[in-house]
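To be precise, the following lines are run-v5.pdb, and they hold PDB, C-alpha atoms.
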ATOM      1  CA  MET A   1     -23.835   2.685   3.869
ATOM      2  CA  ASN A   2     -21.236   5.402   4.494
ATOM      3  CA  GLY A   3     -20.537   4.140   8.007
ATOM      4  CA  GLN A   4     -20.851   0.439   7.167
ATOM      5  CA  ARG A   5     -17.835  -1.839   6.962
ATOM      6  CA  LEU A   6     -17.707  -4.444   4.203
ATOM      7  CA  SER A   7     -15.556  -7.577   3.958
ATOM      8  CA  TYR A   8     -12.826  -7.478   1.318
ATOM      9  CA  ALA A   9     -11.539 -10.957   0.376
ATOM     10  CA  TYR A  10      -8.035 -11.492  -1.069
ATOM     11  CA  ALA A  11      -7.405 -15.213  -1.357
ATOM     12  CA  VAL A  12      -8.451 -18.685  -0.264
ATOM     13  CA  VAL A  13      -6.142 -20.952   1.773
ATOM     14  CA  ARG A  14      -6.496 -24.093   3.867
ATOM     15  CA  SER A  15      -8.187 -23.531   7.207
ATOM     16  CA  SER A  16      -6.309 -26.026   9.368
ATOM     17  CA  GLY A  17      -3.021 -27.840   9.789
ATOM     18  CA  PRO A  18       0.489 -26.528   9.115
ATOM     19  CA  ALA A  19      -0.631 -24.662   5.973
ATOM     20  CA  ALA A  20      -3.154 -22.629   7.965
ATOM     21  CA  GLN A  21      -0.611 -21.965  10.691
ATOM     22  CA  ARG A  22       1.827 -20.613   8.119
ATOM     23  CA  ALA A  23      -0.887 -18.443   6.598
ATOM     24  CA  GLN A  24      -1.811 -17.065  10.008
ATOM     25  CA  ALA A  25       1.827 -16.270  10.739
ATOM     26  CA  ALA A  26       2.223 -14.540   7.377
ATOM     27  CA  LEU A  27      -0.706 -12.224   8.135
ATOM     28  CA  GLY A  28       0.655 -11.114  11.499
ATOM     29  CA  GLY A  29       0.964  -7.328  11.401
ATOM     30  CA  LEU A  30       0.130  -7.158   7.682
ATOM     31  CA  ARG A  31      -2.046  -4.260   6.508
ATOM     32  CA  GLY A  32      -4.167  -4.676   3.426
ATOM     33  CA  VAL A  33      -6.509  -2.500   1.381
ATOM     34  CA  ALA A  34      -7.519   0.732   3.145
ATOM     35  CA  ASP A  35      -4.645   0.042   5.587
ATOM     36  CA  ALA A  36      -6.791  -2.507   7.418
ATOM     37  CA  PRO A  37      -5.459  -5.591   9.257
ATOM     38  CA  VAL A  38      -6.002  -8.909   7.472
ATOM     39  CA  VAL A  39      -7.507 -11.948   9.210
ATOM     40  CA  LEU A  40      -8.633 -15.445   8.253
ATOM     41  CA  VAL A  41     -12.349 -16.212   7.989
ATOM     42  CA  ARG A  42     -12.828 -19.988   8.161
ATOM     43  CA  SER A  43     -15.465 -22.375   6.896
ATOM     44  CA  GLY A  44     -14.833 -26.112   6.867
ATOM     45  CA  ALA A  45     -11.563 -27.051   5.192
ATOM     46  CA  VAL A  46     -10.890 -23.623   3.677
ATOM     47  CA  ALA A  47     -10.450 -20.039   4.791
ATOM     48  CA  ALA A  48     -10.304 -16.622   3.175
ATOM     49  CA  ALA A  49      -7.930 -13.772   3.949
ATOM     50  CA  VAL A  50     -10.249 -10.840   4.669
ATOM     51  CA  SER A  51     -10.120  -7.252   5.889
ATOM     52  CA  ALA A  52     -12.797  -4.686   6.710
ATOM     53  CA  VAL A  53     -13.151  -1.812   4.247
ATOM     54  CA  PRO A  54     -15.415   1.258   4.245
ATOM     55  CA  GLY A  55     -18.716   0.912   2.428
ATOM     56  CA  ALA A  56     -18.359   4.460   1.136
ATOM     57  CA  GLU A  57     -15.481   3.267  -1.094
ATOM     58  CA  PHE A  58     -16.277  -0.375  -1.746
ATOM     59  CA  SER A  59     -20.026  -0.667  -2.211
ATOM     60  CA  GLU A  60     -21.087  -1.795  -5.670
ATOM     61  CA  ALA A  61     -22.119   1.735  -6.616
ATOM     62  CA  ALA A  62     -18.927   3.323  -5.272
ATOM     63  CA  LEU A  63     -16.695   0.792  -7.055
ATOM     64  CA  LYS A  64     -18.118   1.706 -10.445
ATOM     65  CA  ALA A  65     -16.609   5.143 -10.045
ATOM     66  CA  ARG A  66     -13.520   4.118  -8.078
ATOM     67  CA  LEU A  67     -12.367   1.625 -10.696
ATOM     68  CA  GLU A  68     -12.087   4.531 -13.156
ATOM     69  CA  ASP A  69      -9.718   6.370 -10.793
ATOM     70  CA  LEU A  70      -6.275   5.134 -11.853
ATOM     71  CA  ASP A  71      -4.477   6.364  -8.717
ATOM     72  CA  TRP A  72      -7.001   4.653  -6.444
ATOM     73  CA  LEU A  73      -6.931   1.538  -8.592
ATOM     74  CA  GLU A  74      -3.132   1.319  -8.492
ATOM     75  CA  SER A  75      -3.016   1.769  -4.721
ATOM     76  CA  THR A  76      -5.743  -0.812  -4.151
ATOM     77  CA  ALA A  77      -4.149  -3.310  -6.539
ATOM     78  CA  ARG A  78      -0.788  -2.905  -4.824
ATOM     79  CA  SER A  79      -2.283  -3.665  -1.405
ATOM     80  CA  HIS A  80      -4.363  -6.517  -2.819
ATOM     81  CA  HIS A  81      -1.377  -8.263  -4.384
ATOM     82  CA  LEU A  82       0.836  -7.617  -1.354
ATOM     83  CA  VAL A  83      -1.497  -9.729   0.770
ATOM     84  CA  ILE A  84      -1.625 -12.507  -1.817
ATOM     85  CA  GLU A  85       2.128 -12.620  -2.385
ATOM     86  CA  THR A  86       2.854 -12.500   1.350
ATOM     87  CA  LEU A  87       0.644 -15.547   1.820
ATOM     88  CA  ALA A  88       2.170 -17.253  -1.235
ATOM     89  CA  THR A  89       5.624 -17.175   0.339
ATOM     90  CA  ARG A  90       4.320 -19.367   3.168
ATOM     91  CA  THR A  91       1.530 -21.531   1.778
ATOM     92  CA  THR A  92      -0.618 -22.421  -1.243
ATOM     93  CA  VAL A  93      -3.131 -19.717  -2.133
ATOM     94  CA  LEU A  94      -5.998 -19.211  -4.559
ATOM     95  CA  PRO A  95      -5.974 -15.518  -5.508
ATOM     96  CA  LEU A  96      -9.332 -13.793  -5.689
ATOM     97  CA  ARG A  97     -10.110 -11.069  -8.186
ATOM     98  CA  LEU A  98      -9.346  -7.457  -7.301
ATOM     99  CA  ALA A  99     -12.169  -5.780  -5.342
ATOM    100  CA  THR A 100     -13.947  -8.985  -4.318
ATOM    101  CA  VAL A 101     -16.230  -7.567  -1.640
ATOM    102  CA  TYR A 102     -18.968  -9.102   0.536
ATOM    103  CA  LEU A 103     -21.541  -7.556   2.807
ATOM    104  CA  ASP A 104     -19.945  -9.093   5.904
ATOM    105  CA  ASP A 105     -17.845 -12.037   7.108
ATOM    106  CA  SER A 106     -20.884 -14.308   7.325
ATOM    107  CA  ARG A 107     -21.337 -13.912   3.551
ATOM    108  CA  VAL A 108     -17.672 -14.869   3.095
ATOM    109  CA  GLU A 109     -18.249 -17.985   5.210
ATOM    110  CA  ARG A 110     -21.283 -18.884   3.114
ATOM    111  CA  MET A 111     -19.309 -18.504  -0.125
ATOM    112  CA  LEU A 112     -16.513 -20.708   1.256
ATOM    113  CA  GLY A 113     -18.992 -23.376   2.298
ATOM    114  CA  GLU A 114     -20.692 -23.397  -1.102
ATOM    115  CA  ARG A 115     -17.387 -23.708  -2.994
ATOM    116  CA  GLN A 116     -15.437 -25.766  -0.489
ATOM    117  CA  GLU A 117     -15.096 -28.826  -2.724
ATOM    118  CA  ALA A 118     -13.852 -26.808  -5.713
ATOM    119  CA  PHE A 119     -11.465 -24.771  -3.580
ATOM    120  CA  THR A 120     -10.008 -27.871  -1.942
ATOM    121  CA  ALA A 121      -9.396 -29.491  -5.336
ATOM    122  CA  LEU A 122      -7.603 -26.373  -6.575
ATOM    123  CA  LEU A 123      -5.462 -26.138  -3.445
ATOM    124  CA  ASP A 124      -4.436 -29.771  -3.956
ATOM    125  CA  ARG A 125      -3.674 -29.098  -7.618
ATOM    126  CA  PHE A 126      -1.516 -26.037  -6.936
ATOM    127  CA  ASP A 127       0.210 -27.343  -3.823
ATOM    128  CA  ASP A 128       3.953 -26.689  -4.018
ATOM    129  CA  HIS A 129       3.698 -25.063  -7.472
ATOM    130  CA  VAL A 130       4.436 -21.496  -8.555
ATOM    131  CA  GLU A 131       3.639 -19.369 -11.584
ATOM    132  CA  TRP A 132       6.269 -17.835 -13.873
ATOM    133  CA  GLY A 133       5.523 -15.184 -16.473
ATOM    134  CA  VAL A 134       7.426 -15.391 -19.778
ATOM    135  CA  LYS A 135       7.238 -12.540 -22.287
ATOM    136  CA  VAL A 136       9.004 -12.396 -25.651
ATOM    137  CA  TYR A 137       9.796  -8.947 -27.062
ATOM    138  CA  ALA A 138      10.910  -8.030 -30.586
ATOM    139  CA  GLU A 139      12.775  -4.747 -31.039
ATOM    140  CA  ILE A 140      11.422  -3.886 -34.492
ATOM    141  CA  PRO A 141      13.619  -1.449 -36.486
ATOM    142  CA  THR A 142      12.040   1.930 -37.119
ATOM    143  CA  ALA A 143      11.141   3.030 -40.637
ATOM    144  CA  PRO A 144      13.842   5.046 -42.452
ATOM    145  CA  ASP A 145      13.725   8.837 -42.652
ATOM    146  CA  PRO A 146      13.479   9.860 -46.331
ATOM    147  CA  ALA A 147      15.755  12.855 -45.668
ATOM    148  CA  ALA A 148      18.482  10.933 -43.823
ATOM    149  CA  PRO A 149      21.723   9.862 -45.570
ATOM    150  CA  ASP A 150      22.325   6.176 -46.183
ATOM    151  CA  PRO A 151      25.498   5.132 -44.315
ATOM    152  CA  ALA A 152      25.293   1.627 -45.798
ATOM    153  CA  ALA A 153      25.294   2.820 -49.401
ATOM    154  CA  PRO A 154      28.322   1.534 -51.427
ATOM    155  CA  GLY A 155      30.761   4.206 -52.550
ATOM    156  CA  PRO A 156      30.023   7.908 -52.145
ATOM    157  CA  SER A 157      26.704   8.518 -50.403
ATOM    158  CA  GLU A 158      23.881   9.495 -52.700
ATOM    159  CA  PRO A 159      21.944  12.653 -51.909
ATOM    160  CA  PRO A 160      19.476  11.652 -49.169
ATOM    161  CA  GLY A 161      16.467  12.989 -51.053
ATOM    162  CA  THR A 162      16.905  10.765 -54.109
ATOM    163  CA  GLY A 163      14.361   8.032 -54.707
ATOM    164  CA  ARG A 164      17.005   5.346 -55.233
ATOM    165  CA  ALA A 165      18.619   5.932 -51.824
ATOM    166  CA  TYR A 166      15.268   5.938 -50.051
ATOM    167  CA  LEU A 167      14.076   2.756 -51.779
ATOM    168  CA  ARG A 168      17.329   1.035 -50.821
ATOM    169  CA  ARG A 169      16.776   1.941 -47.162
ATOM    170  CA  ARG A 170      13.177   0.762 -47.411
ATOM    171  CA  ARG A 171      14.323  -2.647 -48.667
ATOM    172  CA  GLN A 172      16.907  -2.852 -45.904
ATOM    173  CA  HIS A 173      14.320  -1.914 -43.307
ATOM    174  CA  ARG A 174      11.854  -4.514 -44.598
ATOM    175  CA  GLN A 175      14.549  -7.176 -44.549
ATOM    176  CA  ALA A 176      15.565  -6.231 -40.988
ATOM    177  CA  ARG A 177      11.944  -6.405 -39.845
ATOM    178  CA  GLU A 178      11.481  -9.838 -41.395
ATOM    179  CA  GLU A 179      14.662 -11.106 -39.764
ATOM    180  CA  THR A 180      13.583  -9.777 -36.376
ATOM    181  CA  TRP A 181      10.138 -11.381 -36.675
ATOM    182  CA  ARG A 182      11.710 -14.710 -37.624
ATOM    183  CA  ALA A 183      14.018 -14.451 -34.625
ATOM    184  CA  ALA A 184      11.043 -13.655 -32.368
ATOM    185  CA  GLU A 185       9.137 -16.680 -33.675
ATOM    186  CA  GLU A 186      12.183 -18.822 -32.954
ATOM    187  CA  ALA A 187      12.388 -17.424 -29.413
ATOM    188  CA  VAL A 188       8.723 -18.301 -28.808
ATOM    189  CA  ARG A 189       9.348 -21.822 -30.121
ATOM    190  CA  ARG A 190      12.360 -22.170 -27.805
ATOM    191  CA  THR A 191      10.472 -21.038 -24.714
ATOM    192  CA  GLU A 192       7.741 -23.568 -25.417
ATOM    193  CA  GLN A 193      10.297 -26.311 -26.009
ATOM    194  CA  ARG A 194      12.363 -25.486 -22.920
ATOM    195  CA  ALA A 195       9.253 -25.505 -20.721
ATOM    196  CA  ARG A 196       8.591 -29.161 -21.563
ATOM    197  CA  GLY A 197       9.426 -31.516 -18.773
ATOM    198  CA  LEU A 198       9.346 -28.712 -16.178
ATOM    199  CA  ALA A 199       6.060 -26.824 -16.487
ATOM    200  CA  VAL A 200       2.859 -28.761 -15.868
ATOM    201  CA  GLU A 201       0.504 -26.168 -17.386
ATOM    202  CA  ARG A 202       0.654 -23.112 -19.626
ATOM    203  CA  ALA A 203      -1.750 -20.185 -19.923
ATOM    204  CA  ARG A 204      -1.636 -17.909 -22.963
ATOM    205  CA  HIS A 205      -2.366 -14.230 -22.419
ATOM    206  CA  ARG A 206      -2.921 -11.555 -25.011
ATOM    207  CA  PRO A 207       0.355  -9.735 -25.817
ATOM    208  CA  GLN A 208       0.532  -6.420 -24.021
ATOM    209  CA  GLN A 209       0.330  -3.245 -26.045
ATOM    210  CA  GLY A 210       0.432   0.490 -25.433
ATOM    211  CA  THR A 211       0.827   1.595 -21.814
ATOM    212  CA  LEU A 212       0.464  -2.010 -20.591
ATOM    213  CA  ALA A 213       3.693  -3.045 -22.325
ATOM    214  CA  ARG A 214       5.854  -0.544 -20.386
ATOM    215  CA  LEU A 215       9.072  -2.116 -21.649
ATOM    216  CA  PRO A 216      10.844  -1.395 -24.963
ATOM    217  CA  GLY A 217      10.070  -3.577 -27.951
ATOM    218  CA  GLU A 218       6.878  -5.195 -29.176
ATOM    219  CA  ASN A 219       5.416  -7.909 -26.983
ATOM    220  CA  VAL A 220       4.846 -10.910 -29.271
ATOM    221  CA  ALA A 221       4.190 -13.602 -26.639
ATOM    222  CA  ASN A 222       2.833 -13.339 -23.120
ATOM    223  CA  ASP A 223       2.597 -16.714 -21.412
ATOM    224  CA  ALA A 224       2.341 -18.019 -17.878
ATOM    225  CA  TYR A 225       3.621 -21.402 -16.741
ATOM    226  CA  LEU A 226       2.761 -23.452 -13.677
ATOM    227  CA  VAL A 227       5.958 -25.035 -12.402
ATOM    228  CA  PRO A 228       6.720 -27.326  -9.433
ATOM    229  CA  ARG A 229       8.574 -25.299  -6.815
ATOM    230  CA  HIS A 230      11.574 -27.633  -6.878
ATOM    231  CA  ALA A 231      12.067 -26.910 -10.613
ATOM    232  CA  ALA A 232      11.511 -23.156 -10.403
ATOM    233  CA  GLU A 233      15.109 -21.985 -10.702
ATOM    234  CA  GLU A 234      15.923 -24.397 -13.534
ATOM    235  CA  PHE A 235      12.851 -23.165 -15.394
ATOM    236  CA  ARG A 236      13.854 -19.536 -14.913
ATOM    237  CA  ASP A 237      17.397 -20.191 -16.124
ATOM    238  CA  ARG A 238      16.170 -21.996 -19.237
ATOM    239  CA  MET A 239      13.864 -19.122 -20.153
ATOM    240  CA  LEU A 240      16.404 -16.371 -19.552
ATOM    241  CA  HIS A 241      18.743 -17.927 -22.133
ATOM    242  CA  ALA A 242      16.108 -18.718 -24.761
ATOM    243  CA  ALA A 243      17.089 -15.737 -26.947
ATOM    244  CA  ASP A 244      20.846 -15.648 -26.310
ATOM    245  CA  ASP A 245      21.851 -15.772 -30.004
ATOM    246  CA  LEU A 246      18.799 -14.022 -31.465
ATOM    247  CA  PRO A 247      19.528 -10.349 -32.186
ATOM    248  CA  GLY A 248      16.673  -7.940 -31.644
ATOM    249  CA  VAL A 249      14.776 -10.332 -29.364
ATOM    250  CA  ARG A 250      14.452 -10.361 -25.582
ATOM    251  CA  VAL A 251      12.825 -12.806 -23.165
ATOM    252  CA  ASP A 252      11.656 -11.379 -19.830
ATOM    253  CA  VAL A 253      10.858 -13.716 -16.955
ATOM    254  CA  THR A 254       8.853 -12.657 -13.890
ATOM    255  CA  GLY A 255       7.963 -14.555 -10.746
ATOM    256  CA  PRO A 256       7.606 -16.764  -8.914
ATOM    257  CA  TRP A 257       3.991 -15.777  -8.270
ATOM    258  CA  ALA A 258       0.860 -17.246  -6.809
ATOM    259  CA  PRO A 259      -1.068 -19.114  -9.553
ATOM    260  CA  TYR A 260      -3.094 -16.107 -10.778
ATOM    261  CA  SER A 261      -3.327 -17.359 -14.367
ATOM    262  CA  PHE A 262      -4.553 -20.844 -13.489
ATOM    263  CA  THR A 263      -7.311 -20.061 -11.022
ATOM    264  CA  THR A 264     -10.827 -20.059 -12.392
ATOM    265  CA  PRO A 265     -12.120 -16.527 -11.737
ATOM    266  CA  LEU A 266     -13.081 -16.607  -8.069
ATOM    267  CA  GLU A 267     -14.976 -13.367  -7.740
ATOM    268  CA  GLY A 268     -17.392 -12.560  -4.996
ATOM    269  CA  VAL A 269     -20.770 -10.918  -5.337
ATOM    270  CA  ARG A 270     -20.290  -7.251  -4.539
ATOM    271  CA  GLN A 271     -23.124  -6.379  -2.232
ATOM    272  CA  PRO A 272     -23.936  -2.813  -1.141
TER
END

What would the structure in this file look like if it were written as structure tokens?
Amino acid sequence: MNGQRLSYAYAVVRSSGPAAQRAQAALGGLRGVADAPVVLVRSGAVAAAVSAVPGAEFSEAALKARLEDLDWLESTARSHHLVIETLATRTTVLPLRLATVYLDDSRVERMLGERQEAFTALLDRFDDHVEWGVKVYAEIPTAPDPAAPDPAAPGPSEPPGTGRAYLRRRRQHRQAREETWRAAEEAVRRTEQRARGLAVERARHRPQQGTLARLPGENVANDAYLVPRHAAEEFRDRMLHAADDLPGVRVDVTGPWAPYSFTTPLEGVRQP
């Protein structure tokens, strides 16, 4: 297995016509996972973008350990998504799950043949559409420090350690939190309303927390929208202004992307 090369599949595209020609042109000179060149493996009306990877790293047994290595995982994910996004700039793609690996190209061809009808329907559905990510963040005020003075207290400031001063700050903090949450709920309502008439589908994701959030504030909504390409910029502009008059709330918009959130998981069987 150490010397064997496996077939790593990135995405499904059309196998013929102008779409396939654009996909082929996009892959020219592109290096994928393990710095390998990417080619199209065809079967009927569809094709997969594929590159050869070492069995020592990508066999089923090796992947169990590799997927726990965050540096390796980040590098592999970056190369994986580079191939998908490069294709997406030129044609309609169906992204495959990270580390979708087959024993060889003939197994990729077999998979394409078995799922050709489903893949073709999805390519038709996503043709000339892009995905936008919309996240709503609430910057929740931090709890008051019992020892800190109260700058909002009327008249001369009370000693910071007194119970009355602390309880006043607690009430103010609770009120500020409630106001921020109401503003965040309004921002979510606005994004949903502004998407109407432009987006054709929405996918709800779990709000990101901890290290996944990466940005300041608490992620209260994490949605993806499928939008016709011709309406992409109008959609983006609507979303960016959804929280203009809502203090403590921010709307982040990412994209346009390939339709990751709307593709039924298209994972291959990892074969050693």

| field | Target residues per the PyMOL selection byres ((chain A and resi 57) around 10), formatted as an MDAnalysis selection string | value | chainID A and resid 1:2 5:6 34 53:56 58:66

Restrict the selected residues to C-alpha atoms and save them as an mmCIF file, keeping the file's coordinate frame.
data_model
loop_
_atom_site.group_PDB
_atom_site.id
_atom_site.type_symbol
_atom_site.label_atom_id
_atom_site.label_comp_id
_atom_site.auth_asym_id
_atom_site.auth_seq_id
_atom_site.Cartn_x
_atom_site.Cartn_y
_atom_site.Cartn_z
ATOM 1 C CA MET A 1 -23.835 2.685 3.869
ATOM 2 C CA ASN A 2 -21.236 5.402 4.494
ATOM 3 C CA ARG A 5 -17.835 -1.839 6.962
ATOM 4 C CA LEU A 6 -17.707 -4.444 4.203
ATOM 5 C CA ALA A 34 -7.519 0.732 3.145
ATOM 6 C CA VAL A 53 -13.151 -1.812 4.247
ATOM 7 C CA PRO A 54 -15.415 1.258 4.245
ATOM 8 C CA GLY A 55 -18.716 0.912 2.428
ATOM 9 C CA ALA A 56 -18.359 4.460 1.136
ATOM 10 C CA PHE A 58 -16.277 -0.375 -1.746
ATOM 11 C CA SER A 59 -20.026 -0.667 -2.211
ATOM 12 C CA GLU A 60 -21.087 -1.795 -5.670
ATOM 13 C CA ALA A 61 -22.119 1.735 -6.616
ATOM 14 C CA ALA A 62 -18.927 3.323 -5.272
ATOM 15 C CA LEU A 63 -16.695 0.792 -7.055
ATOM 16 C CA LYS A 64 -18.118 1.706 -10.445
ATOM 17 C CA ALA A 65 -16.609 5.143 -10.045
ATOM 18 C CA ARG A 66 -13.520 4.118 -8.078
#

| query | Nearest to Trp181 in chain A: which of A:Ala47, A:Leu246, A:Ala9, A:Ala99 is it, counting all atoms listed in the file? | reply |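 Of A:Ala47, A:Leu246, A:Ala9, A:Ala99, the one nearest Trp181 in chain A is A:Leu246, counting all atoms listed in the file.
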
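Checking A:Ala221, A:Ala121, A:Leu73, A:Ala88 one by one against Arg204 in chain A, counting only C-alpha atoms, you find the shortest gap at A:Ala221.
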
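Between CA of Trp72 in chain A and CA of Arg110 in chain A there is a distance of 29.1 Å.
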
| task | Could you list the residues chosen by the PyMOL selection byres ((chain A and resi 94) around 8) in this structure as a list in words? | result |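 Applying the expression gives Ala11, Val12, Val13, Thr92, Val93, Pro95, Leu96, Phe119, Leu122, Leu123, Ala258, Pro259, Tyr260 and Thr263 of chain A.
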
Ground truth for the PyMOL selection byres ((chain A and resi 133) around 7), written as a tab-separated table (two decimals) with C-alpha atoms, in the coordinates of the input:
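Resulting contents of selection11.tsv:
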chain	number	residue	atom	x	y	z
A	131	GLU	CA	3.64	-19.37	-11.58
A	132	TRP	CA	6.27	-17.84	-13.87
A	134	VAL	CA	7.43	-15.39	-19.78
A	135	LYS	CA	7.24	-12.54	-22.29
A	223	ASP	CA	2.60	-16.71	-21.41
A	224	ALA	CA	2.34	-18.02	-17.88
A	225	TYR	CA	3.62	-21.40	-16.74
A	253	VAL	CA	10.86	-13.72	-16.95
A	254	THR	CA	8.85	-12.66	-13.89
A	255	GLY	CA	7.96	-14.56	-10.75

| Minimum-distance residue to Glu234 in chain A, chosen among A:Leu112, A:Gly197, A:Ile140, A:Ser43 (using all atoms listed in the file) |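 Answer, going by the shortest atom-to-atom distance: A:Gly197.
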
| message | One decimal, in Å: what's the spacing between CA of Tyr137 in chain A and CA of Ala184 in chain A? | response |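 Going from CA of Tyr137 in chain A over to CA of Ala184 in chain A covers 7.2 Å.
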
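Using all atoms listed in the file, the residues found no farther than 10 Å from Glu139 in chain A, other than those of its own chain fewer than 3 positions away, are Thr142, Arg177, Thr180, Trp181, Ala184, Pro216, Gly217, Glu218, Asn219, Pro247, Gly248, Val249 and Arg250 of chain A.
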
| request: Provide the CA of Leu87 in chain A to CA of Arg31 in chain A distance in Å, to one decimal place. | output: 12.5 Å

| Could you name the residues that touch Arg238 in chain A at 10 Å or less, counting only C-alpha atoms, but leaving out those on the same chain fewer than 6 positions away, as a list in words? |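 Residues near the query, excluding close chain neighbours: Arg190, Thr191, Gln193, Arg194 and Ala195 of chain A.
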
| task | Using all atoms listed in the file, pick whichever of A:Ala26, A:Ser79, A:Ala183, A:Val130 has the shortest atom-to-atom distance to Pro256 in chain A. | result |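 Ranked by minimum distance to Pro256 in chain A, first place goes to A:Val130.
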
Quick one: range 64-70 of chain A with all heavy atoms, as a PDB file, in the first residue's frame?
ATOM      1  N   LYS A  64      -7.606   7.728   9.211  1.00  0.00           N
ATOM      2  CA  LYS A  64      -8.109   7.799  10.581  1.00  0.00           C
ATOM      3  C   LYS A  64      -7.161   8.576  11.467  1.00  0.00           C
ATOM      4  O   LYS A  64      -7.596   9.332  12.350  1.00  0.00           O
ATOM      5  CB  LYS A  64      -8.319   6.380  11.130  1.00  0.00           C
ATOM      6  CG  LYS A  64      -9.505   5.663  10.513  1.00  0.00           C
ATOM      7  CD  LYS A  64      -9.665   4.263  11.091  1.00  0.00           C
ATOM      8  CE  LYS A  64     -10.848   3.538  10.458  1.00  0.00           C
ATOM      9  NZ  LYS A  64     -10.998   2.159  10.984  1.00  0.00           N
ATOM     10  N   ALA A  65      -5.877   8.395  11.246  1.00  0.00           N
ATOM     11  CA  ALA A  65      -4.886   9.136  12.022  1.00  0.00           C
ATOM     12  C   ALA A  65      -4.663  10.527  11.455  1.00  0.00           C
ATOM     13  O   ALA A  65      -4.565  11.505  12.200  1.00  0.00           O
ATOM     14  CB  ALA A  65      -3.571   8.362  12.056  1.00  0.00           C
ATOM     15  N   ARG A  66      -4.612  10.634  10.133  1.00  0.00           N
ATOM     16  CA  ARG A  66      -4.319  11.927   9.502  1.00  0.00           C
ATOM     17  C   ARG A  66      -5.385  12.974   9.808  1.00  0.00           C
ATOM     18  O   ARG A  66      -5.080  14.159   9.956  1.00  0.00           O
ATOM     19  CB  ARG A  66      -4.216  11.735   7.990  1.00  0.00           C
ATOM     20  CG  ARG A  66      -2.970  10.994   7.534  1.00  0.00           C
ATOM     21  CD  ARG A  66      -1.753  11.868   7.614  1.00  0.00           C
ATOM     22  NE  ARG A  66      -0.566  11.212   7.077  1.00  0.00           N
ATOM     23  CZ  ARG A  66       0.603  11.815   6.944  1.00  0.00           C
ATOM     24  NH1 ARG A  66       0.748  13.072   7.315  1.00  0.00           N
ATOM     25  NH2 ARG A  66       1.637  11.162   6.460  1.00  0.00           N
ATOM     26  N   LEU A  67      -6.629  12.559   9.888  1.00  0.00           N
ATOM     27  CA  LEU A  67      -7.705  13.523  10.125  1.00  0.00           C
ATOM     28  C   LEU A  67      -7.668  14.091  11.536  1.00  0.00           C
ATOM     29  O   LEU A  67      -8.387  15.050  11.840  1.00  0.00           O
ATOM     30  CB  LEU A  67      -9.061  12.867   9.847  1.00  0.00           C
ATOM     31  CG  LEU A  67      -9.326  12.537   8.371  1.00  0.00           C
ATOM     32  CD1 LEU A  67     -10.620  11.760   8.215  1.00  0.00           C
ATOM     33  CD2 LEU A  67      -9.358  13.799   7.518  1.00  0.00           C
ATOM     34  N   GLU A  68      -6.832  13.524  12.404  1.00  0.00           N
ATOM     35  CA  GLU A  68      -6.631  14.084  13.746  1.00  0.00           C
ATOM     36  C   GLU A  68      -5.472  15.061  13.775  1.00  0.00           C
ATOM     37  O   GLU A  68      -5.258  15.751  14.768  1.00  0.00           O
ATOM     38  CB  GLU A  68      -6.365  12.948  14.749  1.00  0.00           C
ATOM     39  CG  GLU A  68      -7.497  11.935  14.862  1.00  0.00           C
ATOM     40  CD  GLU A  68      -8.773  12.555  15.394  1.00  0.00           C
ATOM     41  OE1 GLU A  68      -8.673  13.451  16.258  1.00  0.00           O
ATOM     42  OE2 GLU A  68      -9.871  12.157  14.952  1.00  0.00           O
ATOM     43  N   ASP A  69      -4.707  15.124  12.695  1.00  0.00           N
ATOM     44  CA  ASP A  69      -3.554  16.024  12.587  1.00  0.00           C
ATOM     45  C   ASP A  69      -4.047  17.346  12.000  1.00  0.00           C
ATOM     46  O   ASP A  69      -4.302  17.447  10.794  1.00  0.00           O
ATOM     47  CB  ASP A  69      -2.498  15.384  11.680  1.00  0.00           C
ATOM     48  CG  ASP A  69      -1.245  16.228  11.529  1.00  0.00           C
ATOM     49  OD1 ASP A  69      -1.299  17.449  11.787  1.00  0.00           O
ATOM     50  OD2 ASP A  69      -0.201  15.666  11.139  1.00  0.00           O
ATOM     51  N   LEU A  70      -4.172  18.374  12.840  1.00  0.00           N
ATOM     52  CA  LEU A  70      -4.796  19.619  12.394  1.00  0.00           C
ATOM     53  C   LEU A  70      -3.991  20.316  11.304  1.00  0.00           C
ATOM     54  O   LEU A  70      -4.570  20.923  10.392  1.00  0.00           O
ATOM     55  CB  LEU A  70      -4.991  20.555  13.591  1.00  0.00           C
ATOM     56  CG  LEU A  70      -5.975  20.058  14.658  1.00  0.00           C
ATOM     57  CD1 LEU A  70      -6.149  21.100  15.755  1.00  0.00           C
ATOM     58  CD2 LEU A  70      -7.329  19.721  14.033  1.00  0.00           C
TER      59      LEU A  70
END
